[in-house]
Amino acid sequence: MRGFAVLVEDYRLLPVFLVTPLAFVLPWLEIFCGMLLLSGRFLRPVSAVVGGLLLIFVGAILVSIVRGLDIDCGCFEIPFLGSGKVGWFPVFRNVILLGLSAVVFFSEALPEKGNGNKSPV
């Protein structure tokens, strides 16, 4: 937990008193959203939350690039998908993920509220 809080603090975007609570809540929010997306439940609201998070992540990374910070982005790190450092690749990756969340959000295949469908399939 403390390790992720250090990563959040390195961005220098939040007051110190918000760093630890955010570092605690953010991973759980991401896991919860991922589980809901995989389950197919609440797709529109969850994709909106994920899209909002991705916009914030892109903004934070862009601010760090402009500031010239050489910090770990706090992103998942998969060897063939780029390093964990702040840079243009994490921005590109998050923009792609943002596009995918928009596809889910605006998908016509999603069940409409109250029509009795439980699954878009």
# chains A, B, ... in the order shown; residues from 1 in each chain; ligands from 1

call {"tool": "residues_around", "arguments": {"residues": "Gly51 in chain A", "least_positions_apart": "5", "cutoff": "9 Å", "atoms": "only C-alpha atoms", "output": "list of chain:residue names"}}
result
A:Val46, A:Ile56, A:Leu97, A:Leu98, A:Gly99, A:Leu100, A:Ser101, A:Ala102, A:Phe105

call {"tool": "atom_distance", "arguments": {"atom1": "CA of Val86 in chain A", "atom2": "CA of Phe17 in chain A"}}
result
23.3 Å

call {"tool": "residues_around", "arguments": {"residues": "Arg12 in chain A", "least_positions_apart": "4", "cutoff": "9 Å", "atoms": "only C-alpha atoms", "output": "ChimeraX atom specification"}}
result
/A:8,16,64

call {"tool": "write_last_selection", "arguments": {"atoms": "N, CA and C atoms", "output": "PDB file, in the first residue's frame"}}
result
ATOM      1  N   VAL A   8       1.651   7.645  -6.231  1.00  0.00           N
ATOM      2  CA  VAL A   8       0.630   8.695  -6.354  1.00  0.00           C
ATOM      3  C   VAL A   8       1.233  10.040  -5.953  1.00  0.00           C
ATOM      4  N   VAL A  16      -1.112  16.386   0.216  1.00  0.00           N
ATOM      5  CA  VAL A  16      -0.555  15.221   0.889  1.00  0.00           C
ATOM      6  C   VAL A  16      -1.628  14.423   1.634  1.00  0.00           C
ATOM      7  N   SER A  64       2.670  15.323 -16.103  1.00  0.00           N
ATOM      8  CA  SER A  64       4.000  14.859 -15.683  1.00  0.00           C
ATOM      9  C   SER A  64       5.008  14.932 -16.823  1.00  0.00           C
TER      10      SER A  64
END

call {"tool": "select_by_dssp", "arguments": {"residues": "chain A", "states": "helix (DSSP H, G or I)", "output": "VMD selection string"}}
result
chain A and resid 2 to 10 16 to 39 43 to 67 79 to 81 88 to 106

call {"tool": "write_last_selection", "arguments": {"atoms": "C-alpha atoms", "output": "CSV table (one decimal), in the first residue's frame"}}
result
chain,number,residue,atom,x,y,z
A,2,ARG,CA,2.7,2.5,1.0
A,3,GLY,CA,4.5,1.7,-2.3
A,4,PHE,CA,1.5,2.8,-4.4
A,5,ALA,CA,1.0,5.9,-2.2
A,6,VAL,CA,4.6,6.9,-3.1
A,7,LEU,CA,3.8,6.5,-6.8
A,8,VAL,CA,0.6,8.7,-6.4
A,9,GLU,CA,2.6,11.3,-4.4
A,10,ASP,CA,5.3,11.4,-7.1
A,16,VAL,CA,-0.6,15.2,0.9
A,17,PHE,CA,-3.6,14.4,3.0
A,18,LEU,CA,-5.4,12.9,0.0
A,19,VAL,CA,-2.5,10.7,-1.2
A,20,THR,CA,-3.0,7.8,1.2
A,21,PRO,CA,-6.8,7.6,0.9
A,22,LEU,CA,-6.6,7.7,-2.9
A,23,ALA,CA,-3.8,5.1,-2.9
A,24,PHE,CA,-6.1,2.8,-0.8
A,25,VAL,CA,-9.3,3.3,-2.8
A,26,LEU,CA,-8.1,3.5,-6.4
A,27,PRO,CA,-6.8,-0.2,-6.8
A,28,TRP,CA,-10.0,-1.5,-5.2
A,29,LEU,CA,-12.2,0.7,-7.4
A,30,GLU,CA,-10.3,-0.5,-10.5
A,31,ILE,CA,-10.7,-4.2,-9.4
A,32,PHE,CA,-14.4,-3.7,-8.7
A,33,CYS,CA,-15.0,-2.0,-12.0
A,34,GLY,CA,-13.1,-4.7,-13.9
A,35,MET,CA,-15.2,-7.4,-12.2
A,36,LEU,CA,-18.4,-5.7,-13.1
A,37,LEU,CA,-17.3,-5.3,-16.7
A,38,LEU,CA,-16.3,-8.9,-16.9
A,39,SER,CA,-19.7,-9.9,-15.4
A,43,LEU,CA,-22.0,-1.8,-18.2
A,44,ARG,CA,-22.9,1.8,-19.0
A,45,PRO,CA,-22.3,3.2,-15.5
A,46,VAL,CA,-19.2,1.2,-15.0
A,47,SER,CA,-17.8,2.1,-18.4
A,48,ALA,CA,-18.5,5.8,-17.6
A,49,VAL,CA,-16.5,5.4,-14.3
A,50,VAL,CA,-13.6,3.6,-16.1
A,51,GLY,CA,-13.7,6.3,-18.8
A,52,GLY,CA,-13.5,9.0,-16.2
A,53,LEU,CA,-10.6,7.3,-14.5
A,54,LEU,CA,-8.8,6.9,-17.8
A,55,LEU,CA,-9.2,10.6,-18.6
A,56,ILE,CA,-7.8,11.5,-15.2
A,57,PHE,CA,-4.9,9.1,-15.7
A,58,VAL,CA,-4.1,10.6,-19.2
A,59,GLY,CA,-4.3,14.1,-17.8
A,60,ALA,CA,-1.9,13.2,-14.9
A,61,ILE,CA,0.6,11.6,-17.2
A,62,LEU,CA,0.5,14.5,-19.7
A,63,VAL,CA,1.1,17.0,-16.8
A,64,SER,CA,4.0,14.9,-15.7
A,65,ILE,CA,5.5,14.8,-19.2
A,66,VAL,CA,5.2,18.5,-19.5
A,67,ARG,CA,6.8,18.9,-16.1
A,79,PRO,CA,7.2,-6.4,-20.6
A,80,PHE,CA,6.0,-6.3,-24.2
A,81,LEU,CA,3.5,-3.5,-23.6
A,88,TRP,CA,3.8,8.7,-24.4
A,89,PHE,CA,3.2,4.9,-24.4
A,90,PRO,CA,1.0,4.9,-21.3
A,91,VAL,CA,-0.9,7.9,-22.8
A,92,PHE,CA,-1.4,6.0,-26.0
A,93,ARG,CA,-2.4,2.8,-24.1
A,94,ASN,CA,-4.9,4.7,-21.9
A,95,VAL,CA,-6.4,6.5,-24.9
A,96,ILE,CA,-7.0,3.1,-26.6
A,97,LEU,CA,-8.6,1.8,-23.3
A,98,LEU,CA,-10.7,5.0,-23.2
A,99,GLY,CA,-11.9,4.3,-26.7
A,100,LEU,CA,-12.9,0.8,-25.7
A,101,SER,CA,-14.8,2.1,-22.7
A,102,ALA,CA,-16.6,4.5,-25.0
A,103,VAL,CA,-17.6,1.6,-27.3
A,104,VAL,CA,-19.1,-0.2,-24.3
A,105,PHE,CA,-20.8,3.0,-23.1
A,106,PHE,CA,-22.4,3.8,-26.5

call {"tool": "atom_distance", "arguments": {"atom1": "CA of Gly87 in chain A", "atom2": "CA of Leu14 in chain A"}}
result
19.8 Å

call {"tool": "decode", "arguments": {"residues": "chain A", "atoms": "C-alpha atoms", "output": "JSON list (two decimals), in the first residue's frame"}}
result
[["chain", "number", "residue", "atom", "x", "y", "z"],
["A", 1, "MET", "CA", 0.00, 0.00, 0.00],
["A", 2, "ARG", "CA", 2.74, 2.47, 0.96],
["A", 3, "GLY", "CA", 4.53, 1.75, -2.31],
["A", 4, "PHE", "CA", 1.53, 2.79, -4.39],
["A", 5, "ALA", "CA", 1.02, 5.88, -2.20],
["A", 6, "VAL", "CA", 4.57, 6.92, -3.06],
["A", 7, "LEU", "CA", 3.75, 6.54, -6.76],
["A", 8, "VAL", "CA", 0.63, 8.70, -6.35],
["A", 9, "GLU", "CA", 2.59, 11.29, -4.38],
["A", 10, "ASP", "CA", 5.33, 11.42, -7.07],
["A", 11, "TYR", "CA", 2.86, 13.02, -9.49],
["A", 12, "ARG", "CA", 2.68, 16.07, -7.17],
["A", 13, "LEU", "CA", -0.94, 16.75, -8.13],
["A", 14, "LEU", "CA", -2.73, 16.13, -4.83],
["A", 15, "PRO", "CA", -2.51, 17.58, -1.35],
["A", 16, "VAL", "CA", -0.55, 15.22, 0.89],
["A", 17, "PHE", "CA", -3.61, 14.39, 3.03],
["A", 18, "LEU", "CA", -5.39, 12.90, -0.03],
["A", 19, "VAL", "CA", -2.55, 10.69, -1.24],
["A", 20, "THR", "CA", -2.98, 7.76, 1.17],
["A", 21, "PRO", "CA", -6.80, 7.56, 0.93],
["A", 22, "LEU", "CA", -6.61, 7.67, -2.88],
["A", 23, "ALA", "CA", -3.83, 5.06, -2.91],
["A", 24, "PHE", "CA", -6.06, 2.81, -0.82],
["A", 25, "VAL", "CA", -9.31, 3.32, -2.76],
["A", 26, "LEU", "CA", -8.07, 3.45, -6.37],
["A", 27, "PRO", "CA", -6.84, -0.15, -6.79],
["A", 28, "TRP", "CA", -10.04, -1.51, -5.20],
["A", 29, "LEU", "CA", -12.17, 0.70, -7.44],
["A", 30, "GLU", "CA", -10.30, -0.55, -10.50],
["A", 31, "ILE", "CA", -10.70, -4.19, -9.43],
["A", 32, "PHE", "CA", -14.40, -3.69, -8.68],
["A", 33, "CYS", "CA", -15.01, -2.00, -12.04],
["A", 34, "GLY", "CA", -13.08, -4.75, -13.85],
["A", 35, "MET", "CA", -15.15, -7.45, -12.15],
["A", 36, "LEU", "CA", -18.40, -5.69, -13.08],
["A", 37, "LEU", "CA", -17.28, -5.26, -16.69],
["A", 38, "LEU", "CA", -16.35, -8.94, -16.90],
["A", 39, "SER", "CA", -19.68, -9.93, -15.36],
["A", 40, "GLY", "CA", -21.59, -7.83, -17.89],
["A", 41, "ARG", "CA", -23.51, -6.03, -15.13],
["A", 42, "PHE", "CA", -24.04, -2.26, -15.06],
["A", 43, "LEU", "CA", -22.00, -1.84, -18.23],
["A", 44, "ARG", "CA", -22.93, 1.77, -19.00],
["A", 45, "PRO", "CA", -22.31, 3.23, -15.53],
["A", 46, "VAL", "CA", -19.16, 1.19, -15.01],
["A", 47, "SER", "CA", -17.77, 2.10, -18.43],
["A", 48, "ALA", "CA", -18.46, 5.76, -17.58],
["A", 49, "VAL", "CA", -16.48, 5.42, -14.33],
["A", 50, "VAL", "CA", -13.65, 3.64, -16.13],
["A", 51, "GLY", "CA", -13.66, 6.30, -18.84],
["A", 52, "GLY", "CA", -13.50, 9.04, -16.22],
["A", 53, "LEU", "CA", -10.60, 7.34, -14.48],
["A", 54, "LEU", "CA", -8.77, 6.94, -17.78],
["A", 55, "LEU", "CA", -9.24, 10.64, -18.58],
["A", 56, "ILE", "CA", -7.77, 11.51, -15.19],
["A", 57, "PHE", "CA", -4.87, 9.11, -15.74],
["A", 58, "VAL", "CA", -4.13, 10.56, -19.18],
["A", 59, "GLY", "CA", -4.26, 14.09, -17.77],
["A", 60, "ALA", "CA", -1.94, 13.22, -14.89],
["A", 61, "ILE", "CA", 0.56, 11.55, -17.21],
["A", 62, "LEU", "CA", 0.47, 14.48, -19.67],
["A", 63, "VAL", "CA", 1.06, 16.97, -16.84],
["A", 64, "SER", "CA", 4.00, 14.86, -15.68],
["A", 65, "ILE", "CA", 5.45, 14.75, -19.20],
["A", 66, "VAL", "CA", 5.17, 18.54, -19.49],
["A", 67, "ARG", "CA", 6.82, 18.95, -16.08],
["A", 68, "GLY", "CA", 9.63, 16.62, -17.14],
["A", 69, "LEU", "CA", 9.08, 14.22, -14.25],
["A", 70, "ASP", "CA", 10.93, 10.91, -14.51],
["A", 71, "ILE", "CA", 8.57, 8.82, -12.40],
["A", 72, "ASP", "CA", 6.87, 5.44, -12.47],
["A", 73, "CYS", "CA", 3.38, 5.85, -13.89],
["A", 74, "GLY", "CA", 1.82, 3.42, -11.41],
["A", 75, "CYS", "CA", 0.34, 1.51, -14.34],
["A", 76, "PHE", "CA", 0.35, -2.23, -14.74],
["A", 77, "GLU", "CA", 3.63, -3.25, -16.33],
["A", 78, "ILE", "CA", 3.74, -5.99, -18.93],
["A", 79, "PRO", "CA", 7.17, -6.36, -20.59],
["A", 80, "PHE", "CA", 5.97, -6.34, -24.21],
["A", 81, "LEU", "CA", 3.50, -3.47, -23.57],
["A", 82, "GLY", "CA", 6.01, -0.83, -22.55],
["A", 83, "SER", "CA", 7.72, 0.30, -19.38],
["A", 84, "GLY", "CA", 6.10, 1.49, -16.20],
["A", 85, "LYS", "CA", 7.54, 5.00, -16.62],
["A", 86, "VAL", "CA", 5.54, 8.12, -17.42],
["A", 87, "GLY", "CA", 5.74, 8.73, -21.15],
["A", 88, "TRP", "CA", 3.83, 8.68, -24.39],
["A", 89, "PHE", "CA", 3.22, 4.95, -24.45],
["A", 90, "PRO", "CA", 1.04, 4.94, -21.29],
["A", 91, "VAL", "CA", -0.88, 7.90, -22.76],
["A", 92, "PHE", "CA", -1.44, 5.97, -26.00],
["A", 93, "ARG", "CA", -2.45, 2.81, -24.11],
["A", 94, "ASN", "CA", -4.91, 4.71, -21.92],
["A", 95, "VAL", "CA", -6.43, 6.51, -24.92],
["A", 96, "ILE", "CA", -7.01, 3.10, -26.56],
["A", 97, "LEU", "CA", -8.63, 1.84, -23.34],
["A", 98, "LEU", "CA", -10.70, 5.03, -23.19],
["A", 99, "GLY", "CA", -11.93, 4.33, -26.71],
["A", 100, "LEU", "CA", -12.90, 0.80, -25.71],
["A", 101, "SER", "CA", -14.79, 2.09, -22.69],
["A", 102, "ALA", "CA", -16.61, 4.54, -24.99],
["A", 103, "VAL", "CA", -17.57, 1.65, -27.29],
["A", 104, "VAL", "CA", -19.08, -0.17, -24.32],
["A", 105, "PHE", "CA", -20.83, 2.97, -23.08],
["A", 106, "PHE", "CA", -22.37, 3.83, -26.45],
["A", 107, "SER", "CA", -23.04, 0.26, -27.58],
["A", 108, "GLU", "CA", -26.52, -0.29, -28.98],
["A", 109, "ALA", "CA", -26.29, -3.97, -28.01],
["A", 110, "LEU", "CA", -26.57, -3.14, -24.30],
["A", 111, "PRO", "CA", -29.91, -4.01, -22.76],
["A", 112, "GLU", "CA", -32.18, -1.06, -22.19],
["A", 113, "LYS", "CA", -33.39, -0.25, -18.72],
["A", 114, "GLY", "CA", -36.58, -2.11, -17.93],
["A", 115, "ASN", "CA", -36.85, -4.29, -21.04],
["A", 116, "GLY", "CA", -36.20, -7.50, -19.12],
["A", 117, "ASN", "CA", -32.98, -8.44, -20.92],
["A", 118, "LYS", "CA", -30.25, -9.55, -18.57],
["A", 119, "SER", "CA", -27.54, -10.01, -21.17],
["A", 120, "PRO", "CA", -26.75, -8.31, -24.48],
["A", 121, "VAL", "CA", -26.18, -11.74, -26.03]]
